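Peer 1: Once you've had a glance at the structure underneath, I'll fire off some questions.
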Amino acid sequence: MTLHISRAISVARRLSLSCSNRGFHLSPRAMVIAIGDKIPSVDLFEDSPSNKVNIRDLTSQKKLIIFGVPGAFTPGCSKTHLPGYIEKAADFKRQGIDEIVCISVNDPFVMSAWGKDQGVEGKVRMLADTNAEFTKAIDVDMNLAVLGGTRSKRYSMIVDDGIVKEMNVEPDNTGLSCSLADHIKI
Ligand code: BEZ
């Protein structure tokens with residue numbers, strides 16, 4: 001019985017009623033990427049728009065921590081979120097993490113400048129999801145008008161050979177709790 005109810009909830013979440021000029025119909029709605037899902041194949045940008053990094057390729061045969069932030073240079077991201085991963089980078093690498101990646105809906109020049117300002121070299125890679133394509137594909141996008149529009153919720157995930165092994169999305173979208181480095185369990 002419980003199984004039936006949770007399955008019904010899951011199906012309801014995957015479908016949303018939408019309205020068209022031909023009447024009501026069911027249309028699929030994205031769902032937050034979950035443990036066991038494959039990371040989507042999306043090009044991100046490192047340092048400049050000419051330097052593409054495909055996130056699925058990057059995770060191939062490697063174990064990564066990926067964390068997403070609402071914006072470069074914002075107080076919460078600069079004072080808490082990113083520094084936590086920089087501080088723990090060596091520990092994570094000793095525990096078998098090959099790369100730590102920070103993703104934000106910003107342009108690659110801004111991400112690069114933010115990374116330099118924070119001293120990420122050799123510790124955290126700064127990837128720009130310029131058009132929010134990856135952020136939307138994993139369904140962690142939100143409208144954050146104070147930062148100008150579509151941005152990423154705050155999240156962290158572990159991805160092993162392209163498969164999501166851990167996923168933590170902040171329940172209030174931008175808070176600093178479950179997505180922090182201290183909460184990662186390798
Ligand atoms: C922050 O400080 O991280 C923040 C500021 C404004 C909007 C979202 C996040």
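Following the order of the structure tokens, first chain is A, next is B, and so on, with residues numbered from 1 inside each chain and ligands from 1 in the order they appear.
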Counting only C-alpha atoms and all ligand atoms, what are the residues, protein, DNA or RNA alike, that approach ligand 1 to within 7 Å? I want them as a PyMOL selection string.
Peer 2: chain A and resi 70-71+74-77+146-147+174
Peer 1: Could you write out that same residue set with C-alpha atoms as a PDB file, in the first residue's frame?
Peer 2:
ATOM      1  CA  PRO A  70      23.473  30.784  -6.871  1.00  0.00           C
ATOM      2  CA  GLY A  71      26.200  33.177  -7.925  1.00  0.00           C
ATOM      3  CA  THR A  74      27.842  36.495  -3.437  1.00  0.00           C
ATOM      4  CA  PRO A  75      28.495  36.596   0.332  1.00  0.00           C
ATOM      5  CA  GLY A  76      27.240  33.088   1.141  1.00  0.00           C
ATOM      6  CA  CYS A  77      29.089  31.519  -1.780  1.00  0.00           C
ATOM      7  CA  VAL A 146      17.729  39.774  -7.045  1.00  0.00           C
ATOM      8  CA  LEU A 147      20.568  38.307  -9.122  1.00  0.00           C
ATOM      9  CA  THR A 174      19.870  29.162  -1.143  1.00  0.00           C
TER      10      THR A 174
END
Peer 1: Would you please give, as an NGL selection string, all residues of range 31-159 of chain A that DSSP assigns to strand (DSSP E) based on the backbone?
Peer 2: :A and (43-45 or 52-54 or 63-69 or 99-104 or 125-128 or 141-144 or 149-152 or 155-159)
Peer 1: Give me every alpha helix (DSSP H) residue in range 117-163 of chain A, going by DSSP on the backbone, as a list in words.
Peer 2: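 Here is the list: Asp117, Gln118, Glu133, Phe134, Thr135, Lys136 and Ala137 of chain A.
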Peer 1: Using CA of Ala132 in chain A and CA of Val105 in chain A as the two end points, give the distance in Å to one decimal.
Peer 2: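 If I compute the distance from CA of Ala132 in chain A to CA of Val105 in chain A, I get 5.5 Å.
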Peer 1: Which residues are close to Phe134 in chain A, i.e. within 8 Å by only C-alpha atoms, leaving aside same-chain residues fewer than 5 positions away? Reply as an MDAnalysis selection string.
Peer 2: chainID A and resid 40 42:44 129
Peer 1: Those residues you just picked out, can you put them in a file as a PDB file, in the first residue's frame with all heavy atoms?
Peer 2:
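Dumped everything to result37.pdb:
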ATOM      1  N   PRO A  40      23.612  14.409 -17.106  1.00  0.00           N
ATOM      2  CA  PRO A  40      23.340  14.747 -18.511  1.00  0.00           C
ATOM      3  C   PRO A  40      24.605  15.212 -19.243  1.00  0.00           C
ATOM      4  O   PRO A  40      25.535  15.722 -18.620  1.00  0.00           O
ATOM      5  CB  PRO A  40      22.309  15.877 -18.421  1.00  0.00           C
ATOM      6  CG  PRO A  40      22.426  16.425 -17.054  1.00  0.00           C
ATOM      7  CD  PRO A  40      22.954  15.333 -16.175  1.00  0.00           C
ATOM      8  N   VAL A  42      26.165  17.833 -21.042  1.00  0.00           N
ATOM      9  CA  VAL A  42      25.996  19.270 -21.306  1.00  0.00           C
ATOM     10  C   VAL A  42      27.383  19.911 -21.311  1.00  0.00           C
ATOM     11  O   VAL A  42      28.233  19.578 -20.473  1.00  0.00           O
ATOM     12  CB  VAL A  42      25.125  19.934 -20.199  1.00  0.00           C
ATOM     13  CG1 VAL A  42      25.028  21.438 -20.424  1.00  0.00           C
ATOM     14  CG2 VAL A  42      23.728  19.322 -20.152  1.00  0.00           C
ATOM     15  N   ASP A  43      27.587  20.826 -22.242  1.00  0.00           N
ATOM     16  CA  ASP A  43      28.851  21.570 -22.278  1.00  0.00           C
ATOM     17  C   ASP A  43      28.806  22.739 -21.311  1.00  0.00           C
ATOM     18  O   ASP A  43      27.865  23.545 -21.333  1.00  0.00           O
ATOM     19  CB  ASP A  43      29.114  22.106 -23.689  1.00  0.00           C
ATOM     20  CG  ASP A  43      29.488  20.998 -24.659  1.00  0.00           C
ATOM     21  OD1 ASP A  43      30.013  19.957 -24.210  1.00  0.00           O
ATOM     22  OD2 ASP A  43      29.245  21.180 -25.873  1.00  0.00           O
ATOM     23  N   LEU A  44      29.823  22.804 -20.471  1.00  0.00           N
ATOM     24  CA  LEU A  44      30.014  23.956 -19.585  1.00  0.00           C
ATOM     25  C   LEU A  44      31.270  24.675 -20.070  1.00  0.00           C
ATOM     26  O   LEU A  44      31.911  24.222 -21.014  1.00  0.00           O
ATOM     27  CB  LEU A  44      30.151  23.478 -18.132  1.00  0.00           C
ATOM     28  CG  LEU A  44      28.939  22.689 -17.599  1.00  0.00           C
ATOM     29  CD1 LEU A  44      29.246  22.090 -16.242  1.00  0.00           C
ATOM     30  CD2 LEU A  44      27.703  23.572 -17.523  1.00  0.00           C
ATOM     31  N   ASP A 129      27.912  27.637 -16.211  1.00  0.00           N
ATOM     32  CA  ASP A 129      26.732  27.120 -16.918  1.00  0.00           C
ATOM     33  C   ASP A 129      26.026  28.351 -17.486  1.00  0.00           C
ATOM     34  O   ASP A 129      24.946  28.741 -17.031  1.00  0.00           O
ATOM     35  CB  ASP A 129      25.848  26.354 -15.916  1.00  0.00           C
ATOM     36  CG  ASP A 129      24.702  25.624 -16.590  1.00  0.00           C
ATOM     37  OD1 ASP A 129      24.736  25.433 -17.820  1.00  0.00           O
ATOM     38  OD2 ASP A 129      23.753  25.249 -15.862  1.00  0.00           O
TER      39      ASP A 129
END
Peer 1: So which residues touch range 136-140 of chain A within 7 Å, counting only C-alpha atoms, skipping near sequence neighbours fewer than 4 positions away, as a list of chain:residue names?
Peer 2: A:Ala30, A:Met31, A:Val32, A:Ile33, A:Pro40, A:Ala132, A:Ser152, A:Lys153
Peer 1: Tell me which protein, DNA and RNA residues are within 8 Å of Phe109 in chain A, counting only C-alpha atoms, leaving out same-chain ones fewer than 3 positions away, and put them as a PyMOL selection string.
Peer 2: chain A and resi 47-48+112-113
Peer 1: Tell me which of A:Thr135, A:Ile184, A:Leu176, A:Gln61 sits closest to Lys88 in chain A, counting only C-alpha atoms.
Peer 2: A:Ile184
Peer 1: Could you produce a table of the residues of range 12-131 of chain A lying within 8 Å of range 158-162 of chain A, with the nearest pair of atoms per residue and their separation in Å rounded to one decimal, using only C-alpha atoms, ordered by chain and increasing residue number, as a Markdown table?
Peer 2:
| residue | atom | partner | partner_atom | distance |
| --- | --- | --- | --- | --- |
| A:Lys38 | CA | A:Gly162 | CA | 5.6 |
| A:Ile39 | CA | A:Gly162 | CA | 5.5 |
| A:Arg56 | CA | A:Gly162 | CA | 6.0 |
| A:Asp57 | CA | A:Gly162 | CA | 8.0 |
| A:Thr59 | CA | A:Gly162 | CA | 5.1 |
| A:Ser60 | CA | A:Asp161 | CA | 4.6 |
| A:Gln61 | CA | A:Asp161 | CA | 4.4 |
| A:Lys62 | CA | A:Asp161 | CA | 5.2 |
| A:Lys63 | CA | A:Asp160 | CA | 4.3 |
| A:Leu64 | CA | A:Val159 | CA | 5.2 |
| A:Ile65 | CA | A:Ile158 | CA | 4.6 |
| A:Ile66 | CA | A:Ile158 | CA | 6.3 |
Peer 1: Output as CSV one row per residue of range 120-148 of chain A within 9 Å of range 89-97 of chain A: the closest atom pair and its distance in Å to one decimal place, counting only C-alpha atoms, sorted by chain and residue number ascending.
Peer 2:
residue,atom,partner,partner_atom,distance
A:Gly122,CA,A:Ala89,CA,8.9
A:Lys123,CA,A:Ala89,CA,5.6
A:Val124,CA,A:Ala89,CA,7.4
Peer 1: Go ahead and save the picked residues with N, CA, C and O atoms, as a compact mmCIF listing (two decimals), in the first residue's frame.
Peer 2:
# COMPACT_ATOMS: atom_id res chain seq x y z
N GLY A 122 44.19 24.06 -8.46
CA GLY A 122 44.56 22.70 -8.04
C GLY A 122 43.59 22.09 -7.06
O GLY A 122 43.79 20.95 -6.61
N LYS A 123 42.56 22.83 -6.68
CA LYS A 123 41.62 22.33 -5.67
C LYS A 123 40.20 22.20 -6.21
O LYS A 123 39.58 21.14 -6.11
N VAL A 124 39.69 23.28 -6.76
CA VAL A 124 38.30 23.28 -7.26
C VAL A 124 38.28 23.88 -8.66
O VAL A 124 38.89 24.92 -8.90
Peer 1: Using only C-alpha atoms, which protein or nucleic acid residues come within 12 Å of Pro108 in chain A? Drop anything in the same chain fewer than 3 positions from it, and give the result as a PyMOL selection string.
Peer 2: chain A and resi 44-53+71-72+102-105+111-115+125-131
Peer 1: Here is a test: counting only C-alpha atoms, which residue of A:Asn106, A:Ile100, A:Asn143, A:Met167 is nearest to Gly84 in chain A?
Peer 2: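 Nearest to Gly84 in chain A: A:Ile100.
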